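Heads up, my_file_19.txt below (compact mmCIF, C-alpha atoms):
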# COMPACT_ATOMS: atom_id res chain seq x y z
CA MET A 934 9.06 17.52 -8.43
CA ILE A 935 5.65 19.09 -9.16
CA PRO A 936 2.64 17.62 -7.28
CA LEU A 937 0.34 15.74 -9.63
CA ALA A 938 -2.73 17.93 -9.03
CA LEU A 939 -0.70 21.08 -9.66
CA SER A 940 1.00 19.62 -12.71
CA LEU A 941 -2.38 18.87 -14.27
CA GLN A 942 -3.49 22.46 -13.62
CA LEU A 943 -0.30 23.67 -15.28
CA ALA A 944 -0.59 21.26 -18.21
CA PRO A 945 -2.04 23.79 -20.69
CA ARG A 946 0.72 26.31 -19.87
CA LEU A 947 3.38 23.60 -20.14
CA VAL A 948 2.11 22.54 -23.54
CA ARG A 949 2.13 26.14 -24.81
CA SER A 950 5.60 26.85 -23.44
CA CYS A 951 7.42 23.78 -24.72
CA ARG A 952 7.59 21.61 -27.78
CA TYR A 953 5.59 18.74 -26.28
CA THR A 954 1.91 18.03 -26.91
CA TYR A 955 -0.63 16.59 -24.48
CA SER A 956 -0.13 13.17 -26.08
CA GLN A 957 3.54 13.37 -25.14
CA LEU A 958 2.96 14.14 -21.47
CA VAL A 959 3.05 11.17 -19.11
CA VAL A 960 2.66 10.32 -15.43
CA VAL A 961 5.11 7.53 -14.64
CA ASN A 962 4.48 5.58 -11.44
CA GLY A 963 7.24 3.64 -9.71
CA GLY A 964 5.56 0.36 -8.80
CA VAL A 965 2.54 -1.61 -9.94
CA GLY A 966 -0.29 -0.10 -7.90
CA VAL A 967 -1.96 2.95 -9.40
CA ASP A 968 -4.91 3.14 -6.99
CA HIS A 969 -3.62 6.53 -5.79
CA LEU A 970 -3.99 8.00 -9.30
CA ASP A 971 -7.24 9.21 -10.88
CA ILE A 972 -6.45 7.71 -14.27
CA PRO A 973 -9.67 8.78 -16.05
CA LEU A 974 -9.03 12.37 -14.94
CA ILE A 975 -5.40 12.26 -16.04
CA ASN A 976 -6.34 10.68 -19.36
CA SER A 977 -8.99 13.38 -19.90
CA PHE A 978 -6.09 15.83 -20.31
CA GLY A 979 -4.63 13.58 -22.97
CA VAL A 980 -1.90 12.54 -20.54
CA LYS A 981 -0.77 8.91 -20.38
CA VAL A 982 -0.18 6.91 -17.18
CA CYS A 983 2.48 4.22 -16.86
CA ASN A 984 3.62 1.87 -14.11
CA THR A 985 6.41 -0.65 -13.67
CA PRO A 986 4.87 -4.14 -13.57
CA GLU A 987 6.87 -7.36 -13.20
CA VAL A 988 9.89 -5.42 -11.93
CA VAL A 989 8.55 -5.60 -8.38
CA ASP A 990 7.39 -9.22 -8.36
CA ASN A 991 10.39 -10.98 -6.83
CA ALA A 992 11.10 -8.38 -4.16
CA THR A 993 7.46 -8.30 -3.08
CA ALA A 994 7.24 -12.10 -2.93
CA ASP A 995 10.46 -12.13 -0.89
CA ILE A 996 9.07 -9.67 1.67
CA GLY A 997 5.96 -11.83 2.00
CA MET A 998 8.05 -14.89 2.79
CA GLY A 999 10.24 -12.84 5.11
CA LEU A 1000 7.24 -11.61 7.08
CA MET A 1001 5.85 -15.13 7.36
CA LEU A 1002 9.15 -16.54 8.61
CA ALA A 1003 9.82 -13.64 10.99
CA SER A 1004 6.35 -13.93 12.52
CA ALA A 1005 6.28 -17.72 12.76
CA ARG A 1006 9.77 -18.12 14.20
CA LYS A 1007 9.61 -15.03 16.46
CA ILE A 1008 12.81 -13.68 14.91
CA LEU A 1009 12.29 -10.15 16.24
CA ASP A 1010 11.65 -11.56 19.71
CA GLY A 1011 15.00 -13.32 19.59
CA HIS A 1012 16.79 -10.16 18.55
CA ASN A 1013 15.09 -8.06 21.21
CA TYR A 1014 15.95 -10.68 23.85
CA LEU A 1015 19.65 -10.36 23.06
CA VAL A 1016 19.48 -6.57 23.10
CA CYS A 1017 17.90 -6.27 26.55
CA HIS A 1018 17.66 -9.68 28.23
CA ASP A 1019 17.58 -9.93 32.03
CA SER A 1020 18.19 -13.69 32.22
CA ASP A 1021 19.91 -16.41 30.23
CA ASP A 1022 16.66 -18.28 29.64
CA LEU A 1023 14.49 -17.68 26.61
CA LEU A 1024 10.91 -16.79 27.46
CA GLU A 1025 8.26 -19.35 26.59
CA SER A 1026 6.52 -16.60 24.60
CA SER A 1027 9.41 -16.71 22.13
CA MET A 1028 8.49 -20.26 21.11
CA GLY A 1029 7.69 -20.19 17.40
CA THR A 1030 5.78 -22.40 15.00
CA ASP A 1031 6.97 -24.39 12.00
CA VAL A 1032 6.52 -23.03 8.51
CA SER A 1033 7.61 -26.24 6.81
CA GLY A 1034 4.60 -28.52 6.42
CA ALA A 1035 2.11 -25.81 7.34
CA THR A 1036 -0.75 -24.65 5.10
CA LEU A 1037 -0.40 -21.35 3.28
CA GLY A 1038 -3.49 -19.74 1.78
CA ILE A 1039 -2.75 -17.18 -0.94
CA ILE A 1040 -5.49 -14.71 -1.80
CA GLY A 1041 -4.66 -13.38 -5.24
CA MET A 1042 -2.66 -15.72 -7.48
CA GLY A 1043 -1.36 -13.24 -10.04
CA ARG A 1044 2.33 -12.81 -10.84
CA ILE A 1045 3.37 -12.03 -7.26
CA GLY A 1046 1.07 -14.58 -5.68
CA TYR A 1047 2.45 -17.29 -7.95
CA LYS A 1048 6.03 -16.35 -7.04
CA VAL A 1049 5.06 -16.64 -3.36
CA ALA A 1050 3.70 -20.11 -4.10
CA LYS A 1051 6.97 -21.13 -5.79
CA ARG A 1052 8.92 -20.05 -2.74
CA ALA A 1053 6.50 -21.69 -0.31
CA SER A 1054 6.68 -24.98 -2.20
CA ALA A 1055 10.39 -25.12 -1.36
CA PHE A 1056 9.34 -25.16 2.31
CA ASP A 1057 7.10 -28.18 1.68
CA MET A 1058 4.06 -26.11 2.53
CA LYS A 1059 0.57 -27.14 1.54
CA ILE A 1060 -0.59 -24.33 -0.73
CA LEU A 1061 -4.18 -23.21 -1.21
CA TYR A 1062 -5.17 -20.25 -3.34
CA HIS A 1063 -8.20 -18.18 -4.21
CA ASN A 1064 -8.27 -16.06 -7.33
CA ARG A 1065 -10.81 -14.57 -9.73
CA ASN A 1066 -9.59 -17.00 -12.37
CA ARG A 1067 -8.21 -20.45 -11.75
CA ARG A 1068 -4.66 -21.14 -12.87
CA LEU A 1069 -3.88 -23.75 -15.49
CA GLU A 1070 -3.55 -27.26 -14.09
CA GLU A 1071 0.12 -27.47 -15.07
CA GLU A 1072 0.79 -24.21 -13.23
CA GLU A 1073 -0.92 -25.58 -10.13
CA ARG A 1074 1.06 -28.81 -10.31
CA ALA A 1075 4.35 -26.93 -10.69
CA VAL A 1076 3.95 -25.39 -7.22
CA GLY A 1077 1.63 -27.96 -5.64
CA ALA A 1078 -1.23 -25.50 -5.27
CA SER A 1079 -4.91 -26.35 -4.82
CA TYR A 1080 -7.65 -23.97 -5.94
CA CYS A 1081 -10.37 -22.81 -3.54
CA ALA A 1082 -13.38 -21.49 -5.42
CA LYS A 1083 -14.64 -19.97 -2.16
CA MET A 1084 -12.33 -17.74 -0.14
CA GLU A 1085 -14.08 -18.96 3.00
CA ASP A 1086 -12.71 -22.48 2.49
CA LEU A 1087 -9.17 -21.10 2.24
CA LEU A 1088 -9.57 -18.95 5.36
CA ARG A 1089 -10.81 -21.84 7.48
CA SER A 1090 -8.07 -24.25 6.37
CA SER A 1091 -4.91 -22.12 6.38
CA ASP A 1092 -2.24 -21.68 9.04
CA PHE A 1093 -0.96 -18.60 7.21
CA VAL A 1094 -3.07 -16.37 4.97
CA MET A 1095 -1.21 -14.05 2.61
CA VAL A 1096 -3.12 -11.30 0.80
CA VAL A 1097 -1.68 -10.42 -2.63
CA VAL A 1098 -4.44 -8.58 -4.52
CA ASN A 1099 -4.70 -5.23 -6.26
CA LEU A 1100 -6.69 -2.52 -4.49
CA SER A 1101 -10.00 -1.85 -6.21
CA PRO A 1102 -13.57 -1.12 -5.14
CA GLN A 1103 -14.10 -4.89 -5.09
CA THR A 1104 -11.12 -5.60 -2.81
CA HIS A 1105 -11.49 -2.64 -0.45
CA LYS A 1106 -11.76 -4.19 3.05
CA LEU A 1107 -11.80 -7.62 1.44
CA ILE A 1108 -10.61 -8.97 4.79
CA GLY A 1109 -12.98 -7.69 7.45
CA ALA A 1110 -14.54 -8.90 10.70
CA LYS A 1111 -16.46 -11.70 8.95
CA GLU A 1112 -13.37 -13.05 7.22
CA LEU A 1113 -11.14 -12.73 10.29
CA ALA A 1114 -13.68 -14.74 12.29
CA MET A 1115 -13.18 -17.61 9.85
CA LEU A 1116 -9.45 -17.88 10.54
CA LYS A 1117 -8.02 -20.44 12.92
CA PRO A 1118 -7.25 -18.93 16.34
CA THR A 1119 -3.60 -19.78 15.66
CA ALA A 1120 -3.53 -18.37 12.10
CA THR A 1121 -1.30 -15.54 10.91
CA LEU A 1122 -2.56 -12.88 8.50
CA ILE A 1123 0.06 -11.44 6.14
CA ASN A 1124 -0.72 -8.44 3.92
CA ILE A 1125 1.65 -7.45 1.10
CA SER A 1126 -0.99 -5.93 -1.19
CA ARG A 1127 -2.45 -2.58 -0.13
CA GLY A 1128 -3.41 -1.38 3.32
CA PRO A 1129 -7.13 -0.76 2.69
CA VAL A 1130 -7.59 -4.36 1.54
CA VAL A 1131 -7.69 -5.26 5.25
CA ASP A 1132 -10.11 -3.58 7.65
CA GLN A 1133 -7.60 -2.42 10.26
CA ASP A 1134 -10.21 -1.72 12.93
CA ALA A 1135 -11.52 -5.26 12.55
CA LEU A 1136 -7.96 -6.59 12.68
CA VAL A 1137 -7.22 -4.70 15.89
CA ASP A 1138 -10.41 -6.09 17.41
CA ALA A 1139 -9.53 -9.65 16.39
CA LEU A 1140 -6.06 -9.32 17.88
CA GLN A 1141 -7.38 -7.83 21.11
CA ARG A 1142 -9.78 -10.75 21.46
CA LYS A 1143 -7.00 -13.19 20.51
CA ALA A 1144 -9.26 -14.48 17.75
CA ILE A 1145 -6.23 -14.94 15.49
CA GLY A 1146 -2.65 -15.83 16.27
CA ALA A 1147 -0.67 -13.03 14.67
CA ALA A 1148 -0.39 -10.51 11.84
CA ALA A 1149 2.49 -9.37 9.65
CA LEU A 1150 1.90 -6.30 7.49
CA ASP A 1151 4.02 -4.57 4.89
CA VAL A 1152 1.16 -2.23 4.02
CA THR A 1153 -1.22 -0.19 6.18
CA TYR A 1154 -3.31 2.95 6.05
CA PRO A 1155 -1.95 5.47 6.49
CA GLU A 1156 1.67 4.74 5.66
CA PRO A 1157 3.59 4.89 7.86
CA LEU A 1158 1.32 4.24 10.81
CA PRO A 1159 1.44 7.04 13.38
CA ARG A 1160 3.19 6.36 16.65
CA GLY A 1161 0.76 5.05 19.20
CA HIS A 1162 -1.42 3.24 16.66
CA PRO A 1163 -2.99 0.14 18.27
CA LEU A 1164 -1.40 -2.22 15.72
CA LEU A 1165 2.02 -1.20 16.99
CA SER A 1166 1.22 -2.31 20.55
CA PHE A 1167 0.85 -6.05 19.95
CA PRO A 1168 3.84 -8.33 20.55
CA ASN A 1169 2.49 -10.74 17.91
CA VAL A 1170 2.26 -8.15 15.13
CA ILE A 1171 5.01 -7.07 12.73
CA VAL A 1172 4.43 -3.85 10.79
CA LEU A 1173 6.74 -2.54 8.07
CA PRO A 1174 6.60 0.88 6.34
CA HIS A 1175 5.81 -0.59 2.89
CA MET A 1176 9.25 -2.02 2.14
CA GLY A 1177 8.20 -4.64 -0.39
CA THR A 1178 10.21 -3.20 -3.26
CA HIS A 1179 12.78 -1.39 -1.12
CA THR A 1180 15.95 -3.04 -2.44
CA ARG A 1181 18.84 -1.53 -4.37
CA GLU A 1182 18.40 -3.90 -7.27
CA THR A 1183 14.63 -3.54 -7.66
CA SER A 1184 14.72 0.23 -7.19
CA GLY A 1185 17.39 0.54 -9.85
CA VAL A 1186 15.48 -1.50 -12.41
CA MET A 1187 12.29 0.37 -11.52
CA VAL A 1188 13.90 3.73 -12.27
CA GLU A 1189 15.24 2.39 -15.57
CA ARG A 1190 11.74 1.25 -16.53
CA MET A 1191 10.28 4.63 -15.54
CA VAL A 1192 12.81 6.44 -17.74
CA THR A 1193 12.07 4.09 -20.64
CA ASN A 1194 8.35 4.84 -20.37
CA ALA A 1195 8.92 8.58 -20.10
CA LEU A 1196 11.27 8.72 -23.09
CA ALA A 1197 8.83 6.71 -25.20
CA ALA A 1198 6.02 9.17 -24.42
CA LEU A 1199 8.20 12.21 -25.09
CA SER A 1200 9.19 10.70 -28.43
CA GLY A 1201 5.56 10.29 -29.41
CA ASP A 1202 5.74 6.49 -29.14
CA THR A 1203 3.48 4.22 -27.09
CA PRO A 1204 5.05 3.63 -23.67
CA PRO A 1205 5.64 -0.09 -23.04
CA ASN A 1206 3.81 -0.01 -19.70
CA GLU A 1207 0.90 2.34 -20.32
CA VAL A 1208 -1.99 1.68 -17.93
CA LYS A 1209 -5.36 1.37 -19.63
CA VAL A 1210 -8.71 1.71 -17.85
Could you rewrite the structure in this file as structure tokens?
Amino acid sequence: MIPLALSLQLAPRLVRSCRYTYSQLVVVNGGVGVDHLDIPLINSFGVKVCNTPEVVDNATADIGMGLMLASARKILDGHNYLVCHDSDDLLESSMGTDVSGATLGIIGMGRIGYKVAKRASAFDMKILYHNRNRRLEEEERAVGASYCAKMEDLLRSSDFVMVVVNLSPQTHKLIGAKELAMLKPTATLINISRGPVVDQDALVDALQRKAIGAAALDVTYPEPLPRGHPLLSFPNVIVLPHMGTHTRETSGVMVERMVTNALAALSGDTPPNEVKV
């Protein structure tokens, strides 16, 4: 595997030494997010960029629900108790909170956010959402979701807040000290988007001050977090090493889609999932 920066430097030599043209070269990304790629630079070489949208939607929505349930019901606490318990009595700190009937606020109601809403509706949750564009009324009714034009209204009203947005200059540190201060002191913040969408220093501060109830993160910066990072010291925080799409089924379909995109580019055809900027 050639590093991307090096492969771009070698691109002219590769084109001269093989039968492919610049228009047939392609960078294929496994996953939806391409924030780690300088697409204008890559395109300036005549090289296409592709990703694998939709393939990851179900697995990512599942991990969001899993994090919410694990945090609310203190599932890891229960496991750790059985591994190293000193008494037969459960600690009061292992007392969880109900998900059913609680209010879930979804920030970012795209494909993944909507799949989260469909799953949450099965738990009889009250669903609020904030998005750049409001969903159609029939789509809202299908999952029982209510639109919040202002993110602040969602933050103040939700028991669980799940962040499901793409990383962009507009969403970088979208959830910072100001936004965390709007959450209920019992609220749980769940991030399944990208690490830099949440200001981690502000999150650590809010947790230290017990300004929010808990956090459950599939994404951080960096990934994985180094040992000794403050976020790993809180008993009310769950941190995963970006496992949202880490299933056999999703990984298999993702690779198939990557190969399909690559073969299309090499054949001189338009890849089905070319990313345009």
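Minimum distance to Asp1010 of chain A across A:Pro1168, A:Lys1209, A:Phe1093, A:Met998 (counting only C-alpha atoms) occurs at A:Pro1168.
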Residue nearest Ser1004 of chain A among A:Ala1114, A:Val1130, A:Ala1120, A:Leu1165 (counting only C-alpha atoms):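 Among the listed residues, the smallest separation from Ser1004 of chain A belongs to A:Ala1120.
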Coordinates-based distance that separates atom CA of Asp968 of chain A from atom CA of Pro1159 of chain A (Å, one decimal): 21.7 Å
Å distance separating atom CA of Lys1048 of chain A from atom CA of Ala992 of chain A, one decimal place: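 Separating atom CA of Lys1048 of chain A from atom CA of Ala992 of chain A is a distance of 9.9 Å.
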Nearest to Asp1092 of chain A, chosen from A:Asp1202, A:Asp1031, A:Asp1138, A:Glu1025, with all atoms listed in the file counted in the distances: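 Using all atoms listed in the file, Asp1092 of chain A sits closest to A:Asp1031.
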Option closest in space to Met1058 of chain A, from A:Val1076, A:Leu1037, A:Leu1000, A:Leu970 [counting all atoms listed in the file]: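 Once distances to Met1058 of chain A are computed over all atoms listed in the file, the minimum belongs to A:Leu1037.
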Protein and nucleic acid residues near (-7.1, -20.5, -5.4) (cut-off 10 Å, only C-alpha atoms) as number ranges by chain: A: 1038-1042, 1060-1068, 1073, 1078-1084, 1086-1087
Residue contacts of Glu1156 of chain A (9 Å, all atoms listed in the file) excluding same-chain residues fewer than 2 positions away, as a PyMOL selection string: chain A and resi 1128+1152-1154+1158-1159+1174-1175
Gap from atom CA of Ala1110 of chain A to atom CA of Gly1046 of chain A - Å, one decimal: 23.3 Å
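Here the question is which of A:Gly1043, A:Gly1011, A:Pro1163, A:Pro1155 gets nearest to Met1028 of chain A using all atoms listed in the file, and that residue is A:Gly1011.
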Best match for closeness to Glu1112 of chain A among A:Ala1139, A:Gly1177, A:Leu1100, A:Asp1019, counting only C-alpha atoms: A:Ala1139
Spatial neighbours of segment 1170-1173 of chain A, max dist 10 Å, only C-alpha atoms, sep filter under 4 positions, as a list in words: Ile996, Leu1000, Met1001, Ala1003, Ser1004, Lys1007, Leu1009, Thr1121, Leu1122, Ile1123, Asn1124, Ile1125, Leu1140, Gly1146, Ala1147, Ala1148, Ala1149, Leu1150, Asp1151, Val1152, Thr1153, Glu1156, Pro1157, Leu1158, Leu1164, Leu1165, Ser1166 and Gly1177 of chain A
How would the residues just picked look written out with C-alpha atoms as an mmCIF file, in the coordinates of the input?
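Now in again_25.cif:
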data_model
loop_
_atom_site.group_PDB
_atom_site.id
_atom_site.type_symbol
_atom_site.label_atom_id
_atom_site.label_comp_id
_atom_site.auth_asym_id
_atom_site.auth_seq_id
_atom_site.Cartn_x
_atom_site.Cartn_y
_atom_site.Cartn_z
ATOM 1 C CA ILE A 996 9.070 -9.670 1.670
ATOM 2 C CA LEU A 1000 7.240 -11.610 7.080
ATOM 3 C CA MET A 1001 5.850 -15.130 7.360
ATOM 4 C CA ALA A 1003 9.820 -13.640 10.990
ATOM 5 C CA SER A 1004 6.350 -13.930 12.520
ATOM 6 C CA LYS A 1007 9.610 -15.030 16.460
ATOM 7 C CA LEU A 1009 12.290 -10.150 16.240
ATOM 8 C CA THR A 1121 -1.300 -15.540 10.910
ATOM 9 C CA LEU A 1122 -2.560 -12.880 8.500
ATOM 10 C CA ILE A 1123 0.060 -11.440 6.140
ATOM 11 C CA ASN A 1124 -0.720 -8.440 3.920
ATOM 12 C CA ILE A 1125 1.650 -7.450 1.100
ATOM 13 C CA LEU A 1140 -6.060 -9.320 17.880
ATOM 14 C CA GLY A 1146 -2.650 -15.830 16.270
ATOM 15 C CA ALA A 1147 -0.670 -13.030 14.670
ATOM 16 C CA ALA A 1148 -0.390 -10.510 11.840
ATOM 17 C CA ALA A 1149 2.490 -9.370 9.650
ATOM 18 C CA LEU A 1150 1.900 -6.300 7.490
ATOM 19 C CA ASP A 1151 4.020 -4.570 4.890
ATOM 20 C CA VAL A 1152 1.160 -2.230 4.020
ATOM 21 C CA THR A 1153 -1.220 -0.190 6.180
ATOM 22 C CA GLU A 1156 1.670 4.740 5.660
ATOM 23 C CA PRO A 1157 3.590 4.890 7.860
ATOM 24 C CA LEU A 1158 1.320 4.240 10.810
ATOM 25 C CA LEU A 1164 -1.400 -2.220 15.720
ATOM 26 C CA LEU A 1165 2.020 -1.200 16.990
ATOM 27 C CA SER A 1166 1.220 -2.310 20.550
ATOM 28 C CA GLY A 1177 8.200 -4.640 -0.390
#
Any chance you could work out the axis-aligned box around segment 1009-1023 of chain A, listed atoms only, 3 Å on each side, giving centre and edge lengths in Å to one decimal, as JSON?
{"center_x": 15.8, "center_y": -12.3, "center_z": 24.2, "size_x": 14.3, "size_y": 18.0, "size_z": 22.0}
